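> File name data04.txt; file contents compact mmCIF, C-alpha atoms; full text below.
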# COMPACT_ATOMS: atom_id res chain seq x y z
CA VAL A 1 123.69 70.57 -13.60
CA CYS A 2 125.41 67.41 -14.89
CA LEU A 3 126.23 66.35 -18.44
CA ALA A 4 125.78 62.81 -19.63
CA ARG A 5 128.82 61.20 -21.24
CA ARG A 6 127.10 61.13 -24.62
CA ASP A 7 125.76 64.67 -24.36
CA VAL A 8 127.95 66.09 -27.10
CA SER A 9 125.64 68.86 -28.30
CA THR A 10 125.26 71.00 -25.15
CA THR A 11 127.03 74.31 -25.65
CA VAL A 12 128.43 76.64 -23.01
CA GLN A 13 125.36 78.87 -23.47
CA GLY A 14 123.08 75.84 -23.21
CA LEU A 15 124.78 74.71 -20.02
CA PHE A 16 124.36 78.19 -18.56
CA GLU A 17 120.64 78.19 -19.42
CA ARG A 18 120.18 74.81 -17.75
CA ALA A 19 122.04 75.99 -14.66
CA GLU A 20 120.05 79.24 -14.62
CA SER A 21 116.76 77.34 -14.79
CA ALA A 22 117.81 75.04 -11.94
CA TYR A 23 118.98 78.03 -9.90
CA TYR A 24 115.63 79.81 -10.01
CA GLN A 25 113.66 76.65 -9.31
CA ASP A 26 115.85 75.83 -6.30
CA ASN A 27 115.86 79.42 -5.00
CA LEU A 28 112.34 80.47 -5.91
CA TYR A 29 111.68 81.51 -2.31
CA GLU A 30 113.79 84.64 -2.85
CA LEU A 31 111.54 85.93 -5.63
CA LEU A 32 108.43 84.69 -3.83
CA ASN A 33 109.28 86.57 -0.63
CA ALA A 34 110.21 89.71 -2.58
CA VAL A 35 106.81 89.72 -4.32
CA LYS A 36 104.93 88.98 -1.10
CA ALA A 37 106.72 91.91 0.55
CA LYS A 38 104.98 94.17 -1.98
CA VAL A 39 101.55 92.58 -2.56
CA TYR A 40 99.00 90.77 -0.44
CA VAL A 41 95.33 89.78 -0.59
CA PRO A 42 93.50 91.29 2.42
CA GLN A 43 90.36 89.20 1.96
CA VAL A 44 92.46 86.02 2.10
CA TRP A 45 95.08 87.17 4.61
CA SER A 46 92.36 87.80 7.20
CA LEU A 47 91.06 84.21 6.96
CA LYS A 48 92.29 81.02 8.58
CA PHE A 49 92.13 78.13 6.14
CA SER A 50 91.75 74.55 7.30
CA PHE A 51 93.40 71.54 5.68
CA PRO A 52 93.25 67.89 6.80
CA GLY A 53 96.15 66.99 9.07
CA GLN A 54 97.24 70.64 9.49
CA LYS A 55 96.62 73.27 12.11
CA ASP A 56 94.27 76.02 11.01
CA ASP A 57 96.14 78.82 9.21
CA ALA A 58 99.20 76.59 8.63
CA TRP A 59 98.79 76.78 4.84
CA ASP A 60 98.09 79.98 2.94
CA PRO A 61 96.35 79.55 -0.46
CA TRP A 62 97.76 82.86 -1.74
CA HIS A 63 101.29 81.65 -0.94
CA ILE A 64 100.63 78.36 -2.76
CA ASP A 65 99.02 79.99 -5.83
CA LEU A 66 101.80 82.57 -6.11
CA THR A 67 104.49 79.91 -5.78
CA ILE A 68 102.98 77.86 -8.61
CA ALA A 69 102.62 80.93 -10.83
CA LEU A 70 106.21 82.05 -10.23
CA ARG A 71 107.54 78.58 -11.03
CA ARG A 72 105.87 78.91 -14.41
CA CYS A 73 107.52 82.32 -14.81
CA ALA A 74 111.04 81.06 -14.21
CA PRO A 75 113.31 80.65 -17.22
CA ILE A 76 113.78 77.35 -18.97
CA PRO A 77 116.48 76.58 -21.56
CA GLY A 78 115.72 78.67 -24.61
CA ARG A 79 113.16 80.89 -22.90
CA PRO A 80 113.80 83.79 -20.50
CA PHE A 81 111.51 84.86 -17.66
CA SER A 82 107.87 85.06 -18.76
CA PHE A 83 105.34 86.69 -16.44
CA ASP A 84 102.14 85.73 -18.29
CA SER A 85 101.10 83.29 -15.56
CA LEU A 86 100.87 86.19 -13.10
CA LYS A 87 98.33 87.88 -15.34
CA ASP A 88 96.29 84.69 -15.30
CA LEU A 89 96.57 84.47 -11.52
CA THR A 90 95.36 88.05 -11.10
CA ALA A 91 92.44 87.42 -13.45
CA ASN A 92 91.40 84.32 -11.50
CA TYR A 93 91.51 86.19 -8.21
CA GLU A 94 89.60 89.23 -9.44
CA SER A 95 86.96 87.24 -11.32
CA GLY A 96 86.09 85.00 -8.38
CA GLN A 97 87.48 81.81 -9.88
CA ALA A 98 90.17 81.31 -7.22
CA TYR A 99 87.71 81.20 -4.30
CA CYS A 100 84.02 80.66 -3.83
CA LEU A 101 81.53 81.40 -1.07
CA LEU A 102 79.37 78.56 0.19
CA THR A 103 76.09 79.52 1.82
CA SER A 104 73.22 77.78 3.56
CA MET A 105 75.29 74.67 4.29
CA THR A 106 73.66 71.89 6.22
CA PRO A 107 75.54 70.22 9.11
CA LEU A 108 76.25 67.21 6.86
CA GLU A 109 77.65 69.43 4.12
CA ARG A 110 79.86 71.16 6.64
CA GLN A 111 81.23 67.80 7.80
CA GLU A 112 81.96 66.88 4.18
CA LEU A 113 83.71 70.21 3.67
CA GLN A 114 85.94 69.53 6.69
CA ARG A 115 87.03 66.27 5.07
CA LEU A 116 87.71 68.12 1.81
CA GLY A 117 89.77 70.91 3.40
CA GLY A 118 91.00 74.13 1.86
CA PHE A 119 88.29 76.31 3.37
CA ALA A 120 87.92 79.13 5.87
CA ALA A 121 84.98 78.89 8.23
CA ASP A 122 82.80 81.78 9.33
CA ALA A 123 82.56 81.45 13.11
CA ALA A 124 79.59 83.83 13.30
CA HIS A 125 77.75 82.01 10.50
CA PRO A 126 78.53 78.26 10.53
CA GLU A 127 76.45 77.75 7.40
CA ARG A 128 78.95 79.85 5.39
CA ALA A 129 82.54 79.23 4.29
CA ILE A 130 85.12 80.47 1.79
CA VAL A 131 86.61 77.64 -0.29
CA TRP A 132 89.86 77.75 -2.26
CA THR A 133 89.48 76.18 -5.72
CA GLU A 134 93.17 75.26 -5.94
CA GLY A 135 93.66 77.03 -9.24
CA GLY A 136 90.42 75.66 -10.66
CA LYS A 137 91.20 72.02 -9.88
CA ARG A 138 88.29 71.90 -7.42
CA GLN A 139 85.07 73.08 -9.00
CA PRO A 140 81.99 74.03 -6.97
CA GLN A 141 79.81 73.22 -9.98
CA ASN A 142 80.37 69.51 -9.38
CA GLY A 143 80.47 69.73 -5.59
CA PHE A 144 84.29 69.67 -5.60
CA GLY A 145 84.05 66.01 -6.59
CA ARG A 146 82.34 65.14 -3.30
CA PRO A 147 78.91 63.44 -3.34
CA GLY A 148 78.00 65.19 -0.11
CA LEU A 149 78.51 68.64 -1.64
CA GLN A 150 76.70 68.20 -4.95
CA ASN A 151 73.78 70.41 -3.92
CA VAL A 152 75.63 73.02 -1.89
CA LYS A 153 74.80 76.65 -2.69
CA TRP A 154 77.76 78.74 -3.81
CA ALA A 155 78.79 81.97 -5.47
CA PRO A 156 82.09 83.29 -6.90
CA TYR A 157 84.21 85.13 -4.35
CA PRO A 158 86.24 87.88 -6.09
CA VAL A 159 89.25 89.25 -4.20
CA ARG A 160 91.67 92.07 -4.96
CA LEU A 161 95.44 92.17 -4.85
CA VAL A 162 96.72 95.16 -2.88
CA ARG A 163 100.15 96.80 -2.91
CA TYR A 164 101.65 97.81 0.42
CA HIS A 165 104.83 99.12 1.98
CA LEU A 166 105.74 98.13 5.53
CA THR A 167 102.36 98.44 7.29
CA GLU A 168 100.68 100.89 4.92
CA GLU A 169 98.51 99.96 1.95
CA ILE A 170 99.38 101.84 -1.23
CA GLY A 171 96.42 100.80 -3.37
CA VAL A 172 95.10 98.10 -5.67
CA CYS A 173 97.76 96.13 -7.51
CA ASN A 174 96.92 96.72 -11.15
CA ASP A 175 99.83 94.74 -12.58
CA LEU A 176 101.28 91.84 -10.63
CA ALA A 177 103.69 91.11 -13.47
CA GLU A 178 105.28 94.55 -13.08
CA VAL A 179 105.60 94.00 -9.34
CA ALA A 180 107.33 90.68 -9.99
CA LYS A 181 109.75 92.39 -12.39
CA GLU A 182 110.57 94.94 -9.68
CA ALA A 183 111.13 92.12 -7.19
CA TYR A 184 113.25 90.21 -9.69
CA ALA A 185 115.59 93.19 -10.02
CA MET A 186 116.16 93.10 -6.25
CA ILE A 187 117.20 89.48 -5.83
CA ALA A 188 120.44 87.64 -6.58
CA GLN A 189 120.69 86.45 -10.20
CA PRO A 190 123.02 84.33 -12.28
CA ASP A 191 124.84 86.65 -14.68
CA SER A 192 125.56 85.58 -18.25
CA VAL A 193 127.95 83.73 -20.52
CA HIS A 194 130.95 85.82 -21.56
CA GLY A 195 133.15 85.31 -24.56
CA CYS A 196 130.31 85.42 -27.08
CA ASP A 197 132.44 87.34 -29.60
CA SER A 198 135.03 84.58 -29.56
CA GLY A 199 132.39 81.97 -30.29
CA ILE A 200 132.91 80.15 -26.99
CA SER A 201 129.23 80.43 -26.06
CA ASP A 202 128.28 78.21 -29.02
CA MET A 203 131.09 75.72 -28.43
CA PRO A 204 130.09 72.28 -27.10
CA VAL A 205 131.10 71.95 -23.46
CA LEU A 206 132.75 68.57 -24.06
CA ASP A 207 135.04 70.13 -26.66
CA LEU A 208 136.28 72.49 -23.97
CA LEU A 209 136.76 69.71 -21.45
CA ARG A 210 138.39 67.20 -23.79
CA PRO A 211 141.89 68.77 -23.58
CA LEU A 212 141.67 68.59 -19.78
CA ALA A 213 141.08 64.86 -19.96
CA ARG A 214 144.57 64.43 -21.47
CA ILE A 215 146.28 66.16 -18.53
Once more with this new file: its structure as structure tokens, please.

Amino acid sequence: VCLARRDVSTTVQGLFERAESAYYQDNLYELLNAVKAKVYVPQVWSLKFSFPGQKDDAWDPWHIDLTIALRRCAPIPGRPFSFDSLKDLTANYESGQAYCLLTSMTPLERQELQRLGGFAADAAHPERAIVWTEGGKRQPQNGFGRPGLQNVKWAPYPVRLVRYHLTEEIGVCNDLAEVAKEAYAMIAQPDSVHGCDSGISDMPVLDLLRPLARI
């Protein structure tokens, strides 16, 4: 975290908050992996999703959705960790908004879907596929923005988050936010600003550095 020459208002506490925010954004994988070690989505984990230019199963929609949600959780200056986005993610998964099931696809619709990407094919039933909505950005109601999919038949595809330990399932994950808080307690964290009683936390950083400039 760098300070501009004219940044005279940033305090020690403010600098810490900026550094803390940057730390969690740069090291989000630690929290992400800690959460994924506790929760998974069996109905998604068992599928192999296809994306243009990638090998099948190279990208995992659950991994992507969770990463985006955790980035929104991370602290920003003036606001500590907030886990509300994980509640929204859970609701989208359980309500069937995160994925949808396409049925009765024609060969032409299937070709269009392959160009779109973000779907898992059903080898036994080529007319069916599970499509990731990318957090609601791709809507089946309008054919995912593809003229060739405007008339495709679809239905919501609800999935459940499941807690597990090692190789054993524990049960349905009823609160992903609580799981994330548990994971957060396990990872490395920046500490805090000390010297609050002396007033140093509210002191502008440049006022502290100015005497050093005379040395």
> Quick check, in Å to one decimal: how far apart do atom CA of A:Ala123 and atom CA of A:Val162 lie?
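That distance, rounded to one decimal, is 25.4 Å.
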> Write out as a list of chain:residue names the residues lying within 12 Å of A:Asp56, counting only C-alpha atoms and excluding same-chain residues fewer than 4 positions away.
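Residues meeting the cut-off are A:Leu47, A:Lys48, A:Phe49, A:Ser50, A:Phe51, A:Pro52, A:Asp60, A:Gln114, A:Gly117, A:Gly118, A:Phe119, A:Ala120, A:Ala121.
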> Calculated over only C-alpha atoms, which of the candidates A:Arg71, A:Arg18, A:Gln150, A:Ile130 has the smallest distance to A:Val44?
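The closest residue to A:Val44 is A:Ile130.
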> If you measure from atom CA of A:Gln139 to atom CA of A:Arg160, what distance in Å do you get, rounded to one decimal?
20.5 Å
> Report the distance between atom CA of A:Cys73 and atom CA of A:Pro42 in Å, rounded to one decimal place.
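Separating atom CA of A:Cys73 from atom CA of A:Pro42 is a distance of 24.0 Å.
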> For the point (105.3, 97.5, -2.0) in the file's frame, write as a list in words all residues with an atom no more than 12 Å away, counting only C-alpha atoms.
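Looking at atoms near the point gives Asn33, Ala34, Val35, Lys36, Ala37, Lys38, Val39, Tyr40, Leu161, Val162, Arg163, Tyr164, His165, Leu166, Thr167, Glu168, Glu169, Ile170, Gly171, Val172, Cys173, Leu176, Glu178, Val179, Ala180, Glu182 and Ala183 of chain A.
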> With all atoms listed in the file as the basis for distance, which of A:Leu32, A:Ile187, A:Ala177, A:Val152 is at the shortest distance from A:Ser85?
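With all atoms listed in the file as the atom set, the closest residue is A:Ala177.
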> Counting all atoms listed in the file, figure out which residue out of A:Leu15, A:Cys100, A:Ala124, A:Leu116 gets nearest to A:Gly136.
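Residue with the minimum atom-to-atom distance to A:Gly136: A:Cys100.
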> Could you pull the residues within 9 Å of A:Gln25, counting only C-alpha atoms, minus those fewer than 3 positions along the same chain, as a list in words?
Glu20, Ser21, Ala22, Leu28, Tyr29, Arg71, Ala74 and Pro75 of chain A
> Would you mind exporting C-alpha atoms of the selected residues as a PDB file, keeping the file's coordinate frame?

ATOM      1  CA  GLU A  20     120.050  79.240 -14.620  1.00  0.00           C
ATOM      2  CA  SER A  21     116.760  77.340 -14.790  1.00  0.00           C
ATOM      3  CA  ALA A  22     117.810  75.040 -11.940  1.00  0.00           C
ATOM      4  CA  LEU A  28     112.340  80.470  -5.910  1.00  0.00           C
ATOM      5  CA  TYR A  29     111.680  81.510  -2.310  1.00  0.00           C
ATOM      6  CA  ARG A  71     107.540  78.580 -11.030  1.00  0.00           C
ATOM      7  CA  ALA A  74     111.040  81.060 -14.210  1.00  0.00           C
ATOM      8  CA  PRO A  75     113.310  80.650 -17.220  1.00  0.00           C
TER       9      PRO A  75
END
> Which residue is closest to A:Glu30? Choose from A:Phe16, A:Pro140, A:Ala185, A:Phe83 and count only C-alpha atoms.
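Nearest candidate to A:Glu30 out of A:Phe16, A:Pro140, A:Ala185, A:Phe83: A:Ala185.
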> Do you know which residues are at most 12 Å from A:Ser95 counting all atoms listed in the file, after dropping those on the same chain fewer than 4 positions away, and could you put them as a PyMOL selection string?
chain A and resi 88-91+99-100+155-161
> Hey, can you pull every residue with an atom no more than 10 Å from (96.7, 80.4, -5.1), using only C-alpha atoms, and send it as a PDB file with C-alpha atoms, in the frame of the given file?

ATOM      1  CA  ASP A  60      98.090  79.980   2.940  1.00  0.00           C
ATOM      2  CA  PRO A  61      96.350  79.550  -0.460  1.00  0.00           C
ATOM      3  CA  TRP A  62      97.760  82.860  -1.740  1.00  0.00           C
ATOM      4  CA  HIS A  63     101.290  81.650  -0.940  1.00  0.00           C
ATOM      5  CA  ILE A  64     100.630  78.360  -2.760  1.00  0.00           C
ATOM      6  CA  ASP A  65      99.020  79.990  -5.830  1.00  0.00           C
ATOM      7  CA  LEU A  66     101.800  82.570  -6.110  1.00  0.00           C
ATOM      8  CA  THR A  67     104.490  79.910  -5.780  1.00  0.00           C
ATOM      9  CA  ILE A  68     102.980  77.860  -8.610  1.00  0.00           C
ATOM     10  CA  ALA A  69     102.620  80.930 -10.830  1.00  0.00           C
ATOM     11  CA  LEU A  89      96.570  84.470 -11.520  1.00  0.00           C
ATOM     12  CA  THR A  90      95.360  88.050 -11.100  1.00  0.00           C
ATOM     13  CA  ASN A  92      91.400  84.320 -11.500  1.00  0.00           C
ATOM     14  CA  TYR A  93      91.510  86.190  -8.210  1.00  0.00           C
ATOM     15  CA  ALA A  98      90.170  81.310  -7.220  1.00  0.00           C
ATOM     16  CA  TYR A  99      87.710  81.200  -4.300  1.00  0.00           C
ATOM     17  CA  TRP A 132      89.860  77.750  -2.260  1.00  0.00           C
ATOM     18  CA  THR A 133      89.480  76.180  -5.720  1.00  0.00           C
ATOM     19  CA  GLU A 134      93.170  75.260  -5.940  1.00  0.00           C
ATOM     20  CA  GLY A 135      93.660  77.030  -9.240  1.00  0.00           C
ATOM     21  CA  GLY A 136      90.420  75.660 -10.660  1.00  0.00           C
TER      22      GLY A 136
END
> Given all atoms listed in the file as the basis, pick out the residue of A:Leu31, A:Met105, A:Leu113, A:Met186 nearest to A:Arg146.
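Going through A:Leu31, A:Met105, A:Leu113, A:Met186 one by one, the smallest distance to A:Arg146 is for A:Leu113.
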> Find the residue from A:Ala58, A:Leu70, A:Val12, A:Val41 that sits nearest to A:Tyr184; use only C-alpha atoms when measuring.
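Among the listed residues, the smallest separation from A:Tyr184 belongs to A:Leu70.
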> Give me the residues within 8 Å of A:Gly148 as JSON, numbers by chain, counting all atoms listed in the file and dropping any in the same chain fewer than 6 places off.
{"A": [108, 109, 112]}
> Please provide the set of residues having any atom within 6 Å of A:Leu102, restricted to only C-alpha atoms, with same-chain residues fewer than 5 positions apart removed, written as a list in words.
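After dropping sequence-adjacent residues, the list is Arg128, Ala129, Lys153 and Trp154 of chain A.
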